[in-house]
>>> print(open('start.csv').read())   # CSV, C-alpha atoms
chain,number,residue,atom,x,y,z
A,787,MET,CA,298.4,180.3,194.4
A,788,ASP,CA,301.7,182.0,193.5
A,789,PRO,CA,302.0,185.8,193.9
A,790,GLU,CA,302.1,186.5,190.2
A,791,ASN,CA,298.9,184.7,189.4
A,792,PHE,CA,297.2,186.2,192.5
A,793,GLU,CA,298.1,189.7,191.3
A,794,LYS,CA,296.7,188.9,187.8
A,795,GLN,CA,293.5,187.6,189.3
A,796,PHE,CA,293.1,190.6,191.6
A,797,VAL,CA,293.6,193.1,188.8
A,798,SER,CA,291.1,191.1,186.6
A,799,GLU,CA,288.5,191.2,189.4
A,800,GLN,CA,289.0,194.9,189.9
A,801,ARG,CA,288.5,195.6,186.2
A,802,TYR,CA,285.4,193.3,186.2
A,803,ARG,CA,283.9,195.2,189.2
A,804,ARG,CA,284.8,198.5,187.5
A,805,PHE,CA,283.1,197.5,184.3
A,806,TYR,CA,279.8,196.8,186.1
A,807,GLU,CA,280.0,199.9,188.2
A,808,ILE,CA,280.3,202.1,185.1
A,809,ASN,CA,277.6,200.3,183.3
A,810,GLU,CA,275.2,200.5,186.3
A,811,ILE,CA,275.7,204.3,186.4
A,812,ASN,CA,275.2,204.6,182.6
A,813,GLU,CA,272.0,202.5,182.8
A,814,ALA,CA,270.8,204.6,185.7
A,815,ILE,CA,271.3,207.7,183.7
A,816,ASP,CA,269.6,206.2,180.7
A,817,LYS,CA,266.6,205.3,182.9
A,818,ARG,CA,266.7,208.7,184.6
A,819,ARG,CA,267.2,207.1,188.1
A,820,ILE,CA,270.2,209.4,188.3
A,821,LYS,CA,269.5,212.9,187.0
A,822,PRO,CA,272.2,213.6,184.4
A,823,SER,CA,274.2,216.8,184.6
A,824,PHE,CA,274.1,218.6,181.3
A,825,CYS,CA,277.2,220.6,180.5
A,826,HIS,CA,279.6,221.7,177.8
A,827,ALA,CA,282.9,220.0,177.4
A,828,TYR,CA,286.1,220.8,175.6
A,829,ILE,CA,289.8,219.7,175.2
A,830,ASN,CA,292.4,222.3,176.1
A,831,ASN,CA,295.5,221.6,174.1
A,832,ILE,CA,298.5,222.9,176.1
A,833,SER,CA,301.5,224.0,174.1
A,834,PHE,CA,305.1,224.7,175.0
A,835,PRO,CA,306.5,228.2,175.4
A,836,LYS,CA,307.3,229.7,171.9
A,837,SER,CA,310.5,231.5,172.7
A,838,LEU,CA,313.5,231.4,175.0
A,839,VAL,CA,312.6,234.9,176.3
A,840,GLU,CA,309.1,233.5,177.3
A,841,LEU,CA,310.7,230.5,178.9
A,842,LYS,CA,313.1,232.6,180.9
A,843,GLU,CA,310.9,235.5,182.0
A,844,THR,CA,307.5,233.8,182.4
A,845,TYR,CA,308.3,230.3,183.4
A,846,ILE,CA,311.7,230.3,185.1
A,847,ASP,CA,311.7,233.7,186.8
A,848,THR,CA,307.9,234.2,187.4
A,849,ASN,CA,306.0,230.9,187.5
A,850,GLY,CA,308.8,228.6,188.7
A,851,MET,CA,307.2,225.7,186.9
A,852,PHE,CA,305.7,224.6,183.5
A,853,ASP,CA,302.0,224.7,182.9
A,854,ILE,CA,301.8,220.9,183.0
A,855,GLU,CA,303.6,220.8,186.3
A,856,ASP,CA,301.1,223.3,187.8
A,857,LEU,CA,298.2,221.0,186.7
A,858,ILE,CA,299.6,217.8,187.9
A,859,THR,CA,300.4,219.2,191.4
A,860,SER,CA,297.1,221.1,192.0
A,861,GLN,CA,293.5,220.3,193.0
A,862,GLU,CA,292.4,223.8,191.9
A,863,THR,CA,293.9,226.4,189.6
A,864,SER,CA,293.1,229.3,187.3
A,865,TRP,CA,293.4,228.4,183.6
A,866,THR,CA,292.6,229.8,180.2
A,867,ALA,CA,289.1,228.9,179.0
A,868,PRO,CA,286.8,229.7,176.1
A,869,ARG,CA,284.5,232.7,176.5
A,870,TRP,CA,281.4,230.5,176.6
A,871,ALA,CA,282.6,228.2,179.5
A,872,MET,CA,280.3,228.1,182.5
A,873,ALA,CA,280.4,226.6,186.0
A,874,GLY,CA,280.0,222.9,185.7
A,875,ASP,CA,281.5,222.5,182.3
A,876,ILE,CA,284.3,219.8,181.9
A,877,CYS,CA,287.8,220.4,180.6
A,878,PHE,CA,290.1,217.6,179.3
A,879,PHE,CA,293.7,218.8,179.5
A,880,MET,CA,296.1,217.6,176.8
A,881,HIS,CA,299.8,218.3,176.2
A,882,ALA,CA,300.2,219.4,172.5
A,883,LYS,CA,301.9,216.9,170.2
A,884,SER,CA,303.6,219.8,168.5
A,885,ALA,CA,305.5,220.6,171.7
A,886,ARG,CA,308.3,218.2,170.7
A,887,ILE,CA,309.1,220.2,167.6
A,888,THR,CA,309.0,223.5,169.6
A,889,ILE,CA,311.4,222.1,172.3
A,890,SER,CA,313.8,220.9,169.7
A,891,ALA,CA,313.8,224.2,167.8
A,892,LEU,CA,314.4,226.2,171.0
A,893,LYS,CA,317.3,223.9,172.0
A,894,THR,CA,318.9,224.4,168.6
A,895,GLU,CA,318.5,228.2,168.9
A,896,LEU,CA,320.0,228.1,172.4
A,897,VAL,CA,323.0,226.1,171.2
A,898,ASN,CA,323.5,228.3,168.2
A,899,ARG,CA,323.4,231.5,170.3
A,900,ARG,CA,325.3,230.2,173.2
A,901,THR,CA,327.6,233.2,173.3
A,902,ALA,CA,324.6,235.5,173.8
A,903,TYR,CA,324.0,234.0,177.3
A,904,SER,CA,326.0,233.8,180.5
A,905,GLU,CA,327.1,230.3,181.5
A,906,SER,CA,324.5,230.2,184.3
A,907,ASP,CA,321.6,231.3,182.1
A,908,TYR,CA,322.6,228.9,179.3
A,909,GLN,CA,322.7,226.0,181.7
A,910,GLU,CA,319.5,227.0,183.3
A,911,LEU,CA,317.6,227.2,180.0
A,912,LEU,CA,319.2,224.0,178.8
A,913,CYS,CA,318.0,222.3,182.1
A,914,TRP,CA,314.5,223.6,181.6
A,915,LEU,CA,314.3,222.4,178.0
A,916,GLU,CA,315.4,218.9,179.1
A,917,ARG,CA,312.8,219.1,181.8
A,918,GLY,CA,310.2,220.1,179.2
A,919,LYS,CA,311.3,217.1,177.1
A,920,GLU,CA,310.8,214.7,180.0
A,921,LEU,CA,307.3,216.0,180.5
A,922,TYR,CA,306.6,215.6,176.8
A,923,ASN,CA,307.8,212.0,176.8
A,924,LYS,CA,305.3,211.3,179.6
A,925,TYR,CA,302.3,213.5,178.5
A,926,GLY,CA,302.9,214.7,175.0
A,927,GLY,CA,300.0,214.1,172.6
A,928,LYS,CA,297.9,212.7,175.5
A,929,ILE,CA,294.9,213.7,177.6
A,930,PHE,CA,296.4,213.5,181.1
A,931,ALA,CA,293.9,215.4,183.3
A,932,VAL,CA,290.2,216.3,183.7
A,933,ALA,CA,288.8,219.2,185.6
A,934,ARG,CA,285.5,221.0,186.3
A,935,VAL,CA,285.0,224.7,185.6
A,936,ILE,CA,284.2,226.4,188.9
A,937,ASP,CA,283.3,229.8,187.6
A,938,SER,CA,282.8,231.7,184.3
A,939,PRO,CA,286.0,233.0,182.8
A,940,GLU,CA,287.1,236.6,183.3
A,941,GLU,CA,289.3,238.7,181.2
A,942,ASP,CA,292.7,239.7,182.7
A,943,ARG,CA,294.2,242.6,180.6
A,944,ASP,CA,296.6,243.3,183.4
A,945,ASP,CA,298.5,240.1,182.7
A,946,ASP,CA,301.8,241.6,181.5
A,947,ARG,CA,303.7,238.4,181.2
A,948,ILE,CA,305.1,237.2,177.8
A,949,ILE,CA,302.6,234.5,176.9
A,950,HIS,CA,302.1,232.3,173.9
A,951,TRP,CA,298.3,232.1,174.1
A,952,LYS,CA,296.1,234.8,172.6
A,953,ALA,CA,293.0,235.3,174.8
A,954,PRO,CA,293.6,236.5,178.4
A,955,LEU,CA,290.5,234.7,179.6
A,956,TYR,CA,290.9,232.7,182.8
A,957,ALA,CA,288.4,230.5,184.7
A,958,GLU,CA,288.8,228.8,188.1
A,959,MET,CA,289.2,225.1,187.7
A,960,GLY,CA,288.6,222.5,190.5
A,961,ASP,CA,288.3,218.8,191.1
A,962,ILE,CA,291.3,218.2,189.0
A,963,TRP,CA,291.7,214.5,188.3
A,964,LEU,CA,295.1,213.3,187.1
A,965,LEU,CA,294.8,210.2,184.8
A,966,LYS,CA,297.0,207.4,185.9
A,967,GLU,CA,296.9,206.1,182.3
A,968,PRO,CA,296.8,209.2,179.9
A,969,VAL,CA,295.0,208.6,176.6
A,970,ASP,CA,297.0,209.1,173.5
A,971,ILE,CA,295.8,211.0,170.5
A,972,SER,CA,296.4,208.0,168.3
A,973,VAL,CA,293.6,206.3,170.3
A,974,PHE,CA,291.0,209.0,170.5
A,975,LYS,CA,291.5,210.7,167.1
A,976,LYS,CA,289.0,208.3,165.5
A,977,TYR,CA,286.3,209.9,167.7
A,978,VAL,CA,287.5,213.5,168.1
A,979,THR,CA,289.2,215.8,165.6
A,980,LEU,CA,291.3,218.4,167.3
A,981,SER,CA,290.8,222.0,166.2
A,982,SER,CA,293.4,223.3,163.8
A,983,ARG,CA,292.5,226.9,164.6
A,984,GLY,CA,293.3,227.1,168.3
A,985,ALA,CA,293.9,225.3,171.6
A,986,ILE,CA,290.2,224.7,172.4
A,987,THR,CA,288.3,221.8,170.8
A,988,PRO,CA,284.6,221.6,172.0
A,989,ILE,CA,283.2,218.1,172.2
A,990,TYR,CA,279.6,217.0,172.2
A,991,GLY,CA,277.3,213.9,172.2
A,992,ASP,CA,279.0,210.8,170.9
A,993,GLU,CA,282.4,212.5,170.9
A,994,TYR,CA,282.2,213.0,174.6
A,995,ILE,CA,280.7,209.6,175.3
A,996,ASN,CA,283.5,207.8,173.4
A,997,LEU,CA,286.3,209.9,174.9
A,998,ARG,CA,284.9,209.3,178.4
A,999,LYS,CA,284.8,205.5,177.7
A,1000,LEU,CA,288.4,205.5,176.6
A,1001,ILE,CA,289.4,207.2,179.8
A,1002,LEU,CA,287.3,205.0,182.1
A,1003,ASP,CA,288.5,201.8,180.5
A,1004,LYS,CA,292.1,202.6,181.7
A,1005,ASN,CA,291.6,204.6,184.8
A,1006,GLN,CA,289.9,204.1,188.2
A,1007,ASN,CA,288.7,206.4,191.0
A,1008,THR,CA,286.7,208.4,188.5
A,1009,PRO,CA,285.1,211.6,189.8
A,1010,ASN,CA,281.3,211.5,189.8
A,1011,TYR,CA,281.0,214.7,187.8
A,1012,LEU,CA,282.6,212.8,184.8
A,1013,LEU,CA,280.4,209.7,185.3
A,1014,THR,CA,277.1,211.5,185.5
A,1015,SER,CA,277.6,214.3,182.9
A,1016,ILE,CA,276.2,214.6,179.4
A,1017,ALA,CA,278.0,217.0,177.1
A,1018,ALA,CA,274.9,218.7,175.6
A,1019,ASP,CA,272.1,221.1,176.6
A,1020,ALA,CA,269.1,219.4,178.1
A,1021,ASP,CA,267.0,219.8,174.9
A,1022,THR,CA,269.7,219.4,172.3
A,1023,SER,CA,270.7,216.1,173.8
A,1024,ARG,CA,267.4,214.7,172.3
A,1025,ILE,CA,268.4,215.7,168.7
A,1026,ASN,CA,268.8,212.8,166.3
A,1027,ARG,CA,268.5,212.0,162.6
A,1028,GLU,CA,264.7,211.7,162.8
A,1029,ASN,CA,263.8,214.9,164.7
A,1030,TRP,CA,266.6,217.4,163.9
A,1031,ILE,CA,264.5,219.6,161.6
A,1032,HIS,CA,262.0,220.3,164.4
A,1033,ILE,CA,264.1,220.4,167.6
A,1034,ALA,CA,267.4,221.9,166.3
A,1035,SER,CA,265.5,224.6,164.4
A,1036,GLU,CA,264.4,226.0,167.7
A,1037,TYR,CA,267.9,226.3,169.0
A,1038,ARG,CA,269.8,227.5,165.9
A,1039,HIS,CA,270.1,231.0,167.2
A,1040,SER,CA,271.3,230.0,170.7
A,1041,PHE,CA,274.3,228.1,169.3
A,1042,ILE,CA,277.3,230.1,170.5
A,1043,TYR,CA,280.1,228.6,168.3
A,1044,GLU,CA,280.5,226.9,165.0
A,1045,LYS,CA,281.0,223.4,166.1
A,1046,GLN,CA,277.6,223.4,168.0
A,1047,LEU,CA,275.9,224.6,164.8
A,1048,ARG,CA,277.6,221.8,162.8
A,1049,TYR,CA,277.0,219.0,165.2
A,1050,TYR,CA,273.4,219.6,166.0
A,1051,TYR,CA,272.1,221.0,162.7
A,1052,VAL,CA,274.4,221.4,159.6
A,1053,ASP,CA,275.7,217.8,159.6
A,1054,TYR,CA,272.1,216.5,159.5
A,1055,PHE,CA,271.2,219.0,156.8
A,1056,LEU,CA,274.2,218.1,154.6
A,1057,SER,CA,273.5,214.3,155.0
A,1058,ALA,CA,269.9,215.0,153.9
A,1059,ILE,CA,270.8,217.0,150.7
A,1060,GLY,CA,273.7,214.8,149.5
A,1061,ASP,CA,273.6,211.8,147.3
A,1062,ILE,CA,274.8,209.7,150.3
A,1063,LYS,CA,274.7,210.3,154.0
A,1064,THR,CA,278.5,210.5,154.3
A,1065,ILE,CA,280.0,214.0,155.0
A,1066,TYR,CA,283.7,214.5,154.3
A,1067,SER,CA,285.4,216.9,156.8
A,1068,GLU,CA,288.5,219.0,156.9
A,1069,CYS,CA,289.4,218.1,153.3
A,1070,LYS,CA,292.7,219.2,151.8
A,1071,CYS,CA,292.5,221.2,148.6
A,1072,PHE,CA,295.5,221.2,146.2
A,1073,LYS,CA,296.5,223.6,143.5
A,1074,GLN,CA,299.6,223.2,141.3
A,1075,GLY,CA,302.4,225.5,142.4
A,1076,VAL,CA,300.8,226.2,145.8
A,1077,THR,CA,302.8,224.5,148.6
A,1078,ASP,CA,300.3,225.1,151.5
A,1079,ALA,CA,297.1,223.1,151.0
A,1080,SER,CA,294.0,224.7,152.4
A,1081,ARG,CA,291.3,222.8,154.2
A,1082,VAL,CA,287.6,223.1,153.5
A,1083,ASP,CA,285.1,222.4,156.3
A,1084,ASN,CA,283.1,219.8,154.4
A,1085,ILE,CA,282.6,218.2,151.0
A,1086,ILE,CA,279.4,216.4,150.0
A,1087,ARG,CA,278.5,214.4,146.9
A,1088,PHE,CA,275.7,216.1,145.0
A,1089,HIS,CA,274.4,214.7,141.7
A,1090,GLY,CA,277.6,212.7,141.2
A,1091,ARG,CA,280.0,215.6,141.8
A,1092,TYR,CA,281.8,216.9,144.9
A,1093,LEU,CA,280.7,220.2,146.4
A,1094,PRO,CA,282.8,222.1,149.0
A,1095,VAL,CA,281.0,223.5,152.0
A,1096,GLU,CA,282.1,226.3,154.4
A,1097,VAL,CA,280.2,226.7,157.7
A,1098,LYS,CA,280.2,229.9,159.8
A,1099,LEU,CA,278.1,231.1,162.7
A,1100,SER,CA,277.4,234.3,160.8
A,1101,PHE,CA,278.7,235.5,157.4
A,1102,PRO,CA,278.4,239.2,158.1
A,1103,ASN,CA,280.8,238.9,161.0
A,1104,ASP,CA,283.6,237.3,158.8
A,1105,SER,CA,285.4,239.9,156.8
A,1106,SER,CA,287.9,237.4,155.3
A,1107,LEU,CA,285.2,235.0,154.0
A,1108,ILE,CA,285.8,235.7,150.3
A,1109,THR,CA,289.5,235.3,150.6
A,1110,GLN,CA,289.0,232.1,152.4
A,1111,VAL,CA,286.5,230.4,150.1
A,1112,LYS,CA,288.5,231.4,146.9
A,1113,LYS,CA,291.1,228.8,148.1
A,1114,TYR,CA,288.5,226.0,147.7
A,1115,CYS,CA,287.9,226.9,144.0
A,1116,ASN,CA,289.7,225.8,140.9
A,1117,ASP,CA,291.6,223.1,142.7
A,1118,ASP,CA,293.5,220.4,140.8
A,1119,ALA,CA,292.6,217.7,143.4
A,1120,VAL,CA,290.8,217.3,146.8
A,1121,PHE,CA,291.5,214.6,149.3
A,1122,LEU,CA,288.4,213.4,151.2
A,1123,ASP,CA,290.3,211.8,154.1
A,1124,LYS,CA,293.0,213.0,156.4
A,1125,TYR,CA,295.4,210.3,155.3
A,1126,GLU,CA,295.2,211.5,151.7
A,1127,LYS,CA,294.3,208.1,150.3
A,1128,ARG,CA,291.0,209.0,148.7
A,1129,GLY,CA,291.4,211.8,146.2
A,1130,VAL,CA,289.0,213.4,143.7
A,1131,ARG,CA,290.3,215.0,140.5
A,1132,LYS,CA,289.1,218.4,139.3
A,1133,GLU,CA,286.8,217.0,136.6
A,1134,LEU,CA,284.5,215.6,139.4
A,1135,LEU,CA,284.5,218.8,141.5
A,1136,TYR,CA,282.1,221.8,141.4
A,1137,ASN,CA,285.2,223.8,140.9
A,1138,ASN,CA,283.7,227.3,140.7
A,1139,HIS,CA,281.3,227.1,143.6
A,1140,VAL,CA,281.3,226.8,147.4
A,1141,LEU,CA,278.1,226.2,149.4
A,1142,LEU,CA,278.1,228.6,152.4
A,1143,ILE,CA,276.0,227.9,155.5
A,1144,ASP,CA,275.4,229.9,158.7
A,1145,ARG,CA,272.7,230.0,161.4
A,1146,ASP,CA,270.2,231.7,159.0
A,1147,LEU,CA,271.0,231.1,155.4
A,1148,VAL,CA,272.4,228.8,152.8
A,1149,CYS,CA,274.3,230.7,150.1
A,1150,LEU,CA,276.4,229.9,147.0
A,1151,TYR,CA,279.7,231.5,146.2
A,1152,ASP,CA,280.6,231.8,142.5
A,1153,ASP,CA,284.3,232.2,141.9
A,1154,ARG,CA,283.9,233.5,138.4
A,1155,THR,CA,282.0,236.6,139.6
A,1156,GLY,CA,283.2,236.7,143.2
A,1157,GLY,CA,279.6,237.1,144.2
A,1158,ILE,CA,277.5,235.3,146.9
A,1159,SER,CA,273.8,234.6,146.2
A,1160,ASN,CA,271.2,233.6,148.8
A,1161,LEU,CA,269.7,230.2,148.1
A,1162,TYR,CA,267.6,229.4,151.1
A,1163,CYS,CA,266.5,230.6,154.5
A,1164,PHE,CA,266.5,228.0,157.3
A,1165,ASP,CA,263.4,229.6,158.8
A,1166,ASP,CA,261.6,228.0,155.8
A,1167,LEU,CA,262.9,224.5,156.6
A,1168,LYS,CA,259.9,222.7,158.3
A,1169,SER,CA,259.8,219.2,156.8
A,1170,ARG,CA,261.5,216.6,154.6
A,1171,PHE,CA,259.6,218.0,151.7
A,1172,ASP,CA,261.5,221.3,152.1
A,1173,ILE,CA,264.7,219.3,151.9
A,1174,ASP,CA,263.6,218.1,148.4
A,1175,VAL,CA,262.7,221.6,147.4
A,1176,PHE,CA,266.1,222.8,148.3
A,1177,ARG,CA,267.9,219.9,146.5
A,1178,GLU,CA,266.0,220.8,143.3
A,1179,LYS,CA,266.8,224.5,143.6
A,1180,LEU,CA,270.5,223.8,144.1
A,1181,ALA,CA,270.5,221.4,141.2
A,1182,ASN,CA,268.9,223.9,138.9
A,1183,VAL,CA,271.6,226.4,139.8
A,1184,LEU,CA,274.6,224.1,139.6
A,1185,LEU,CA,274.0,221.4,137.0
A,1186,PRO,CA,273.7,223.7,133.9
A,1187,GLU,CA,277.1,225.1,134.7
A,1188,TYR,CA,279.0,221.7,134.5
A,1189,GLU,CA,279.3,218.8,132.1
A,1190,SER,CA,277.1,215.9,133.2
A,1191,ILE,CA,278.8,213.0,135.0
A,1192,GLU,CA,277.9,210.7,132.1
A,1193,ILE,CA,280.0,212.9,129.7
A,1194,VAL,CA,282.9,212.9,132.1
A,1195,GLN,CA,282.8,209.1,132.4
A,1196,ARG,CA,282.6,208.8,128.6
A,1197,LYS,CA,285.7,210.9,128.2
A,1198,ASP,CA,287.5,208.8,130.8
A,1199,ARG,CA,286.7,205.6,128.8
A,1200,HIS,CA,287.8,207.3,125.6
A,1201,ARG,CA,291.2,208.2,127.2
A,1202,ALA,CA,291.6,204.8,128.7
A,1203,LYS,CA,291.1,203.2,125.2
A,1204,LYS,CA,293.8,205.5,123.7
A,1205,LYS,CA,296.3,204.3,126.3
>>> encode(input="start.csv", output="structure tokens")
Amino acid sequence: MDPENFEKQFVSEQRYRRFYEINEINEAIDKRRIKPSFCHAYINNISFPKSLVELKETYIDTNGMFDIEDLITSQETSWTAPRWAMAGDICFFMHAKSARITISALKTELVNRRTAYSESDYQELLCWLERGKELYNKYGGKIFAVARVIDSPEEDRDDDRIIHWKAPLYAEMGDIWLLKEPVDISVFKKYVTLSSRGAITPIYGDEYINLRKLILDKNQNTPNYLLTSIAADADTSRINRENWIHIASEYRHSFIYEKQLRYYYVDYFLSAIGDIKTIYSECKCFKQGVTDASRVDNIIRFHGRYLPVEVKLSFPNDSSLITQVKKYCNDDAVFLDKYEKRGVRKELLYNNHVLLIDRDLVCLYDDRTGGISNLYCFDDLKSRFDIDVFREKLANVLLPEYESIEIVQRKDRHRAKKK
């Protein structure tokens, strides 16, 4: 056999063995021969320094390396983490896709202000920006490392460095595993939507399983903590479409952040009350004359029209709620998908109302009065019958305020004939 064919056969056999090794572990977990490790998991999206001052003082003069370089050369390190992280949780490290724009903007600023720097400082900054660009070309927009949280995060208010991240919370990270084949966002975005409100994106259930599979398909020597972990609490991992009313209700008040509430409870609730099971997420809302489109958490179809939904852990703790939900009212159009291919015009929207949901209540915002009315308490949700009761109550409030879908369709046909 010639060397080239031998190498191909060897690689093929290695992948074949790896496939069965992973499946045997997954089957063992499913049959509980291996006790699964329940944990939380999240993506930490690492951005680039936001200013030349930060680059010089924090990275060149103090750290001596970029954040990415610290990770790829360490087995253990201290890193920013969400407040709720605990020992045993899993972090997927990603280099932000937006870093390319930041690097380009900083380079332009440096060139335009060249006379403000000494020749040595100018060359040093330019060299570091080029170094940052090389790192981006290799890791930008990709998950490139996985680590396990060793201890709960602690606040470090004494960190006087110029830093571009907000929360000075740091956790010890260990068992850092560098991926030989990083996974690009273009591959995993169909399973996980990155948070647009910060660097941390929690991932649960199927999101975690699918992301892990993408990583395992391309990488070997996987650490056991990744193979045997399940991103869920021991009890919430059992929640599904059939039992969510009973199981998730018990854990509503233990959810520590919004995505947990959505994943294990609200998504099931919205699927149950809508005309169809589909829930549209992070939908863009457009108004004429407004350049920046806002994004509403969810939209559901209810009695033929489309109703915006905003989800919070707790309404009383959000002082900007009214300002935020006003942006979702009186829109000229809404796009139901991120690619802006499926739009809904204003005639088919509940344009004056937003459904508000937190851990305790379902409320309705009315933009004409600026008021919020309580519709339903989740403590009363015990069965499918209660879902029907809520649907009827919501319909009695909304439908009298809007033309029926039949009238809208009749007007559409009339306009089409005139054309």
>>> residues_around(input="start.csv", residues="Tyr1136 in chain A", least_positions_apart="5", cutoff="12 Å", atoms="all atoms listed in the file", output="ChimeraX atom specification")
/A:1085-1095,1114-1120,1130-1131,1141,1150-1153,1181,1183-1191
>>> residues_around(input="start.csv", residues="Trp1030 in chain A", least_positions_apart="3", cutoff="8 Å", atoms="only C-alpha atoms", output="ChimeraX atom specification")
/A:1025-1027,1033-1035,1050-1051,1054
>>> residues_around(input="start.csv", residues="Lys1045 in chain A", least_positions_apart="2", cutoff="10 Å", atoms="all atoms listed in the file", output="ChimeraX atom specification")
/A:981,987-990,1041-1043,1047-1052,1097-1099
>>> write_last_selection(input="start.csv", atoms="C-alpha atoms", output="PDB file, in the coordinates of the input")
ATOM      1  CA  SER A 981     290.800 222.000 166.200  1.00  0.00           C
ATOM      2  CA  THR A 987     288.300 221.800 170.800  1.00  0.00           C
ATOM      3  CA  PRO A 988     284.600 221.600 172.000  1.00  0.00           C
ATOM      4  CA  ILE A 989     283.200 218.100 172.200  1.00  0.00           C
ATOM      5  CA  TYR A 990     279.600 217.000 172.200  1.00  0.00           C
ATOM      6  CA  PHE A1041     274.300 228.100 169.300  1.00  0.00           C
ATOM      7  CA  ILE A1042     277.300 230.100 170.500  1.00  0.00           C
ATOM      8  CA  TYR A1043     280.100 228.600 168.300  1.00  0.00           C
ATOM      9  CA  LEU A1047     275.900 224.600 164.800  1.00  0.00           C
ATOM     10  CA  ARG A1048     277.600 221.800 162.800  1.00  0.00           C
ATOM     11  CA  TYR A1049     277.000 219.000 165.200  1.00  0.00           C
ATOM     12  CA  TYR A1050     273.400 219.600 166.000  1.00  0.00           C
ATOM     13  CA  TYR A1051     272.100 221.000 162.700  1.00  0.00           C
ATOM     14  CA  VAL A1052     274.400 221.400 159.600  1.00  0.00           C
ATOM     15  CA  VAL A1097     280.200 226.700 157.700  1.00  0.00           C
ATOM     16  CA  LYS A1098     280.200 229.900 159.800  1.00  0.00           C
ATOM     17  CA  LEU A1099     278.100 231.100 162.700  1.00  0.00           C
TER      18      LEU A1099
END
>>> atom_distance(input="start.csv", atom1="CA of Asp1174 in chain A", atom2="CA of Ile1059 in chain A")
7.6 Å
>>> atom_distance(input="start.csv", atom1="CA of Lys1127 in chain A", atom2="CA of His881 in chain A")
28.4 Å
>>> closest_residue(input="start.csv", among="A:Asn1084, A:Ser972, A:Thr844, A:Asn1029", to="Asp1053 in chain A", atoms="all atoms listed in the file")
A:Asn1084
>>> residues_around(input="start.csv", residues="range 893-897 of chain A", least_positions_apart="5", cutoff="9 Å", atoms="all atoms listed in the file", output="list in words")
Leu838, Thr888, Ala902, Tyr903, Tyr908, Leu911, Leu912, Leu915 and Glu916 of chain A
>>> write_last_selection(input="start.csv", atoms="C-alpha atoms", output="PDB file, in the coordinates of the input")
ATOM      1  CA  LEU A 838     313.500 231.400 175.000  1.00  0.00           C
ATOM      2  CA  THR A 888     309.000 223.500 169.600  1.00  0.00           C
ATOM      3  CA  ALA A 902     324.600 235.500 173.800  1.00  0.00           C
ATOM      4  CA  TYR A 903     324.000 234.000 177.300  1.00  0.00           C
ATOM      5  CA  TYR A 908     322.600 228.900 179.300  1.00  0.00           C
ATOM      6  CA  LEU A 911     317.600 227.200 180.000  1.00  0.00           C
ATOM      7  CA  LEU A 912     319.200 224.000 178.800  1.00  0.00           C
ATOM      8  CA  LEU A 915     314.300 222.400 178.000  1.00  0.00           C
ATOM      9  CA  GLU A 916     315.400 218.900 179.100  1.00  0.00           C
TER      10      GLU A 916
END
>>> closest_residue(input="start.csv", among="A:Cys913, A:Ala882, A:Val1140, A:Ile929", to="Ile846 in chain A", atoms="only C-alpha atoms")
A:Cys913
>>> residues_around(input="start.csv", residues="Leu997 in chain A", least_positions_apart="4", cutoff="9 Å", atoms="all atoms listed in the file", output="list of chain:residue names")
A:Val969, A:Phe974, A:Tyr977, A:Val978, A:Asp992, A:Glu993, A:Ile1001, A:Leu1002
>>> closest_residue(input="start.csv", among="A:Asp853, A:Glu1096, A:Glu1178, A:Asp875", to="His826 in chain A", atoms="all atoms listed in the file")
A:Asp875
>>> closest_residue(input="start.csv", among="A:Ile1173, A:Tyr922, A:Ser982, A:Val932", to="Leu1013 in chain A", atoms="only C-alpha atoms")
A:Val932
>>> axis_aligned_box(input="start.csv", around="range 864-868 of chain A", padding_each_side="3 Å", output="lines of an AutoDock Vina configuration file")
center_x = 290.1
center_y = 229.1
center_z = 181.7
size_x = 12.6
size_y = 7.4
size_z = 17.2
>>> atom_distance(input="start.csv", atom1="CA of Phe1101 in chain A", atom2="CA of Asp1146 in chain A")
9.4 Å
